[in-house]
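Okay, structure first, notes after.
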Amino acid sequence: MPNHQSIFSPRYFALSIGIILSVMAVGFEGLAVTTIAPSIAGDLNGIHLFGWIFSTYLLAQIVGTLVVGRIIDKKGPAAPFTIALVLFIAGLIAAAAASDMFVMIAARALQGLGAGAMMTCVYTAISLSYPDELRSKILGAFGTAYVLPSMLGPFVAGLIAEQWSWRFVFWGILPIIVLSAILSLPAFRKLKVQGTREGNGAAATWMALFLTIGTGIFLVGLGMLPKITGAVLSIAGLAIMSYPLRKLLPTGTLLFRRGMPAILATRGLFFAAYVSTQNFLVLALIDIKGINPAHAGLIVASAALSWCLFAYLQGRWDTADQGRGRNRRIILGVLLLTLGFALVVWIPNVTVALAVMGQIIAGIGMGLSHPTSGAVAFAHTSDDGAGETSANLQFADSFTPGVVIGIGGAILVVSQAAGMTMQSGLIVTMGFNLLLILMSLFASIRISSKKPMAG
C-alpha cells in the first residue's frame with residue numbers, strides 16, 4: 001500500500017483526530033457517570049431515581065441513533081453532527097449545573113440524544129471519507145478510543161469527585177468535545193450524499209419512538225420482577241419492541257439472514273455479551289470473591305489492553321490481505337470471546353489469574369471482531385445508505401448491551417427471590433451471556449463474503 005495511505009496523513013489527519021476525540025469524550029462520560037452516579041443521587045436527594053440516570057441516557061440514545069441515520073441519507077451528516085454536538089454540550093452543561101434530580105435526568109436525555117446521533121454521524125464519516133483499505137484502521141482506532149477510557153475513566157472520575165466535585169467531571173469533558181468539533185466540522189461539511197434513497201423519515205421517527213417506549217416499559221418491568229406487575233410490563237414492553245425492531249433493522253436480522261442482517265446480529269450479540277459479562281464479573285469479584293473494587297476494575301481493564309493491541313494488528317492484517325480475511329477474523333474473534341467467557345462462567349472456580357486470562361482472551365476477540373465487523377458492514381453499503389448502516393452499527397453497540405444488562409439484573413433478582421444464592425444467580429447470568437455469544441458465533445458463519453467496495 002502506498003506510504004501516504006494512513007489515517008493520519010494530511011488528508012485525513014483533522015478528521016481522524018476529531019473522530020478519536022469525540023469517541024473518547026462520549027466513552028469517558030459514559031464510564032465516568034457509572035462512578036459518580038451514587039454521589040450525584042446523594043447530593044441531589046434522588047436515590048429513588050438512581051436507575052434513571054442510566055435508563056434515560058439509553059432510551060434517548062435509541063432515538064438519536066435511529067432518527068439521525070435516516071436524516072443523513074437524505075441531507076448528509078454535517079447538519080446532524082452539528083446538532084448532535086450542541087445537544088451533547090447542552091447536556092453536559094445542564095448536568096454540571098443541575099439543582100435537582102429531574103434536571104439531571106433531563107440532562108442525561110440530552111446527552112443520550114447527542115451521543116447517539118454523534119456516533120452515527122462518525123460512523124457515516126468513516127464510510128464516506130475513508131477508502132475501504134483504511135476503514136479497518138480507523139475503526140480500530142475508533143475502538144481503541146472507546147476502550148481506553150474504560151481503563152482511566154472510573155478512576156479519574158472518582159478522584160475528581162473526591163477532591164473537588166462530581167460536577168467538574170462534566171465540565172472537564174467540554175474542552176475535549178469542543179476541540180473535536182473544531183477539528184472535524186470542516187471535514188463533515190465537505191461530505192455529501194446522493195440523497196436518492198426512498199423512505200418515510202416520519203415513519204422511521206415514529207418507529208424509533210415506539211421502540212424507545214417499549215424498551216422503557218420492558219426495563220421498568222424487569223426492575224419490578226418477580227412481582228406480577230413486573231412480568232406484565234416486561235411482556236408488554238417486549239411486544240411493543242418487536243414490531244419497530246423488525247421495521248427499523250434490515251429484514252431478517254432477528255433470523256440471522258445472510259449478509260448485512262447476519263453482520264448486525266453477530267455484532268449486537270457479541271458486544272452485548274461482552275459488556276454484560278464485564279459488568280457481572282466485577283460484581284462477582286467484589287461480592288463473591290471479596291476483591292476490592294479497585295483491583296476488580298484493574299482485572300476487567302486487562303481486556304482493554306488486548307482489545308487495543310489486536311484492534312491495531314487487525315488493521316495491519318487487513319492491509320496485508322486486502323480485506324479478504326475479514327470474515328475469518330470475525331469468526332476467530334467470536335470464538336475467542338466464547339473461550340474467554342467460558343473461563344469465567346463457573347464463578348466458584350474463578351481465580352484472579354483465571355479472570356485476567358479470560359479477560360485478555362475476550363479482549364483479543366473484541367479487537368479482531370469489533371472493527372472488522374464495521375468494515376464488512378460498510379463494504380456491503382453504497383454511499384447513499386451510509387447513514388442507515390451507521391445507525392444500525394451504533395444501535396448494535398448501544399441498544400443490545402442495555403437490554404441484556406437489564407435482563408441479567410432481572411435474572412439475579414428472580415434467582416434470589418427463588419431462594420438461590422448470589423453466586424448461583426451470577427452463574428445463571430454468566431451462562432446467559434455465554435448463550436448469547438454462541439448465538440453470535442452461529443450468526444458469524446452466515447456473514448456472506450463480499451468483495452470490499454472502493455472507498
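Naming scheme: A, B, ... for chains in displayed order of the C-alpha cells; residues 1 onward per chain; ligands 1 onward as shown.
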So which residues touch Thr338 (chain A) within 7 Å, counting only C-alpha atoms, skipping near sequence neighbours fewer than 6 positions away, as a ChimeraX atom specification? /A:434,437-438
Skipping near chain neighbours, those fewer than 6 positions away, what residues fall within 10 Å of Leu255 (chain A) using only C-alpha atoms, listed as a list in words? Pro261, Ala262, Ala265 and Ala443 of chain A
If you count only C-alpha atoms, which residues fall within 12 Å of Arg329 (chain A), apart from same-chain ones fewer than 6 positions away, as a list in words?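 Everything that qualifies: Ser136, Phe310, Ala311, Leu313, Gln314, Gly315, Trp317, Asp318, Asp321, Gly323, Leu335, Leu336, Ile364, Gly365, Met366, Gly367, Leu368, Ser369, His370, Pro371, Thr372, Ser373, Ala375, Val376, Leu441, Ser444, Ile445 and Ile447 of chain A.
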Residue selection dump (C-alpha atoms) as a PDB file, in the first residue's frame:
ATOM      1  CA  SER A 136     -10.413  -1.156   9.195  1.00  0.00           C
ATOM      2  CA  PHE A 310      -5.397  -6.523  18.376  1.00  0.00           C
ATOM      3  CA  ALA A 311      -7.572  -3.702  17.014  1.00  0.00           C
ATOM      4  CA  LEU A 313      -2.993  -5.566  14.449  1.00  0.00           C
ATOM      5  CA  GLN A 314      -6.194  -6.418  12.579  1.00  0.00           C
ATOM      6  CA  GLY A 315      -5.791  -3.168  10.641  1.00  0.00           C
ATOM      7  CA  TRP A 317      -3.588  -7.745   8.603  1.00  0.00           C
ATOM      8  CA  ASP A 318      -6.471  -6.211   6.702  1.00  0.00           C
ATOM      9  CA  ASP A 321      -4.677  -9.460   2.691  1.00  0.00           C
ATOM     10  CA  GLY A 323      -9.705  -7.384   3.238  1.00  0.00           C
ATOM     11  CA  LEU A 335     -14.532 -17.971  19.022  1.00  0.00           C
ATOM     12  CA  LEU A 336     -12.018 -16.287  21.332  1.00  0.00           C
ATOM     13  CA  ILE A 364      -8.318 -10.209  21.751  1.00  0.00           C
ATOM     14  CA  GLY A 365     -11.653 -11.418  20.400  1.00  0.00           C
ATOM     15  CA  MET A 366     -13.120  -7.919  20.570  1.00  0.00           C
ATOM     16  CA  GLY A 367     -10.046  -6.402  18.916  1.00  0.00           C
ATOM     17  CA  LEU A 368     -10.481  -8.785  15.988  1.00  0.00           C
ATOM     18  CA  SER A 369     -14.261  -8.831  15.610  1.00  0.00           C
ATOM     19  CA  HIS A 370     -15.490  -5.340  16.509  1.00  0.00           C
ATOM     20  CA  PRO A 371     -13.634  -3.125  13.992  1.00  0.00           C
ATOM     21  CA  THR A 372     -13.714  -5.844  11.347  1.00  0.00           C
ATOM     22  CA  SER A 373     -17.490  -6.252  11.529  1.00  0.00           C
ATOM     23  CA  ALA A 375     -15.539  -2.672   7.894  1.00  0.00           C
ATOM     24  CA  VAL A 376     -17.554  -5.588   6.471  1.00  0.00           C
ATOM     25  CA  LEU A 441     -20.921 -17.447  16.612  1.00  0.00           C
ATOM     26  CA  SER A 444     -20.993 -15.022  12.207  1.00  0.00           C
ATOM     27  CA  ILE A 445     -20.686 -18.040   9.919  1.00  0.00           C
ATOM     28  CA  ILE A 447     -21.905 -13.457   7.020  1.00  0.00           C
TER      29      ILE A 447
END
With only C-alpha atoms as the counted atoms, please give the residues lying no more than 7 Å from Gly214 (chain A), apart from itself and same-chain residues fewer than 3 positions off, as a PDB file with C-alpha atoms, in the first residue's frame.
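And here's selection-v7.pdb as it stands now:
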ATOM      1  CA  PHE A 210     -42.279   3.255  19.773  1.00  0.00           C
ATOM      2  CA  LEU A 211     -39.121   1.212  20.244  1.00  0.00           C
ATOM      3  CA  ILE A 217     -41.592  -0.383  29.686  1.00  0.00           C
ATOM      4  CA  PHE A 218     -39.548  -3.566  29.314  1.00  0.00           C
ATOM      5  CA  GLY A 237     -42.708  -3.895  26.594  1.00  0.00           C
ATOM      6  CA  LEU A 238     -41.296  -6.833  24.642  1.00  0.00           C
ATOM      7  CA  ILE A 240     -44.210  -3.214  21.756  1.00  0.00           C
ATOM      8  CA  MET A 241     -40.486  -3.521  20.925  1.00  0.00           C
TER       9      MET A 241
END
Long-range neighbours of region 116-119 of chain A as a PDB file with N, CA and C atoms, in the first residue's frame, 8 Å cut-off, only C-alpha atoms, 5 positions minimum in chain:
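Saved result, out16.pdb, follows:
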ATOM      1  N   VAL A  23     -15.125  10.272  20.200  1.00  0.00           N
ATOM      2  CA  VAL A  23     -15.397   8.940  20.750  1.00  0.00           C
ATOM      3  C   VAL A  23     -14.875   8.848  22.178  1.00  0.00           C
ATOM      4  N   ALA A  60     -32.878   7.696  25.272  1.00  0.00           N
ATOM      5  CA  ALA A  60     -32.667   8.844  24.383  1.00  0.00           C
ATOM      6  C   ALA A  60     -31.671   8.507  23.283  1.00  0.00           C
ATOM      7  N   GLN A  61     -30.702   7.688  23.620  1.00  0.00           N
ATOM      8  CA  GLN A  61     -29.690   7.290  22.635  1.00  0.00           C
ATOM      9  C   GLN A  61     -30.322   6.497  21.489  1.00  0.00           C
ATOM     10  N   ILE A  62     -31.318   5.689  21.794  1.00  0.00           N
ATOM     11  CA  ILE A  62     -32.020   4.928  20.752  1.00  0.00           C
ATOM     12  C   ILE A  62     -32.625   5.886  19.730  1.00  0.00           C
ATOM     13  N   VAL A  63     -33.316   6.914  20.235  1.00  0.00           N
ATOM     14  CA  VAL A  63     -33.951   7.887  19.336  1.00  0.00           C
ATOM     15  C   VAL A  63     -32.894   8.620  18.514  1.00  0.00           C
ATOM     16  N   GLY A  64     -31.854   9.128  19.187  1.00  0.00           N
ATOM     17  CA  GLY A  64     -30.813   9.860  18.482  1.00  0.00           C
ATOM     18  C   GLY A  64     -30.141   9.035  17.410  1.00  0.00           C
ATOM     19  N   THR A  65     -29.908   7.761  17.696  1.00  0.00           N
ATOM     20  CA  THR A  65     -29.228   6.869  16.761  1.00  0.00           C
ATOM     21  C   THR A  65     -30.078   6.588  15.535  1.00  0.00           C
ATOM     22  N   LEU A  66     -31.305   6.162  15.742  1.00  0.00           N
ATOM     23  CA  LEU A  66     -32.130   5.681  14.639  1.00  0.00           C
ATOM     24  C   LEU A  66     -32.702   6.810  13.786  1.00  0.00           C
ATOM     25  N   VAL A  67     -33.054   7.914  14.409  1.00  0.00           N
ATOM     26  CA  VAL A  67     -33.641   9.019  13.643  1.00  0.00           C
ATOM     27  C   VAL A  67     -32.593   9.681  12.753  1.00  0.00           C
ATOM     28  N   VAL A  68     -31.397   9.910  13.301  1.00  0.00           N
ATOM     29  CA  VAL A  68     -30.397  10.651  12.542  1.00  0.00           C
ATOM     30  C   VAL A  68     -29.877   9.852  11.350  1.00  0.00           C
ATOM     31  N   GLY A  69     -29.892   8.534  11.429  1.00  0.00           N
ATOM     32  CA  GLY A  69     -29.422   7.719  10.306  1.00  0.00           C
ATOM     33  C   GLY A  69     -30.218   7.977   9.045  1.00  0.00           C
ATOM     34  N   PRO A  80     -26.685  17.209  10.958  1.00  0.00           N
ATOM     35  CA  PRO A  80     -26.967  16.351  12.117  1.00  0.00           C
ATOM     36  C   PRO A  80     -25.818  16.284  13.110  1.00  0.00           C
ATOM     37  N   PHE A  81     -24.570  16.283  12.613  1.00  0.00           N
ATOM     38  CA  PHE A  81     -23.419  16.229  13.512  1.00  0.00           C
ATOM     39  C   PHE A  81     -23.329  17.506  14.347  1.00  0.00           C
ATOM     40  N   ALA A  84     -26.019  17.356  16.937  1.00  0.00           N
ATOM     41  CA  ALA A  84     -25.646  16.363  17.957  1.00  0.00           C
ATOM     42  C   ALA A  84     -24.639  16.946  18.936  1.00  0.00           C
ATOM     43  N   LEU A  85     -23.654  17.669  18.419  1.00  0.00           N
ATOM     44  CA  LEU A  85     -22.662  18.307  19.287  1.00  0.00           C
ATOM     45  C   LEU A  85     -23.319  19.305  20.239  1.00  0.00           C
ATOM     46  N   GLN A 394     -24.270   1.635  15.361  1.00  0.00           N
ATOM     47  CA  GLN A 394     -24.350   2.301  16.654  1.00  0.00           C
ATOM     48  C   GLN A 394     -25.456   1.704  17.513  1.00  0.00           C
TER      49      GLN A 394
END
CA of Leu249 (chain A) to CA of Phe142 (chain A) measures 23.1 Å
So how many Å separate CA of Leu264 (chain A) and CA of Ala125 (chain A), to one decimal?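 Here the two named atoms are 18.9 Å from each other.
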Using only C-alpha atoms, which residue out of A:Ile177, A:Met422, A:Ala115, A:Ile89 lies closest to Leu58 (chain A)?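 Looking at the shortest contact to Leu58 (chain A), the residue is A:Ala115.
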Could you list, as a PyMOL selection string, every residue within 10 Å of Ala362 (chain A), counting only C-alpha atoms and ignoring same-chain residues fewer than 3 positions away? chain A and resi 274+278+302-304+306-307+333-343+356-359+365-368
Skip Gly402 (chain A) itself and residues of its chain fewer than 6 positions away, then list as a list in words all residues within 9 Å of it, counting only C-alpha atoms.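 That gives Ser55, Leu58, Ala272, Val275 and Ser276 of chain A.
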To one decimal in Å, tell me the separation between CA of Glu29 (chain A) and CA of Ile7 (chain A).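 CA of Ile7 (chain A) lies 25.1 Å from CA of Glu29 (chain A).
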Which of these residues is nearest to Ile288 (chain A), using only C-alpha atoms: A:Gln111, A:Ala377, A:Gly425, A:Phe170?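 Nearest to Ile288 (chain A): A:Gly425.
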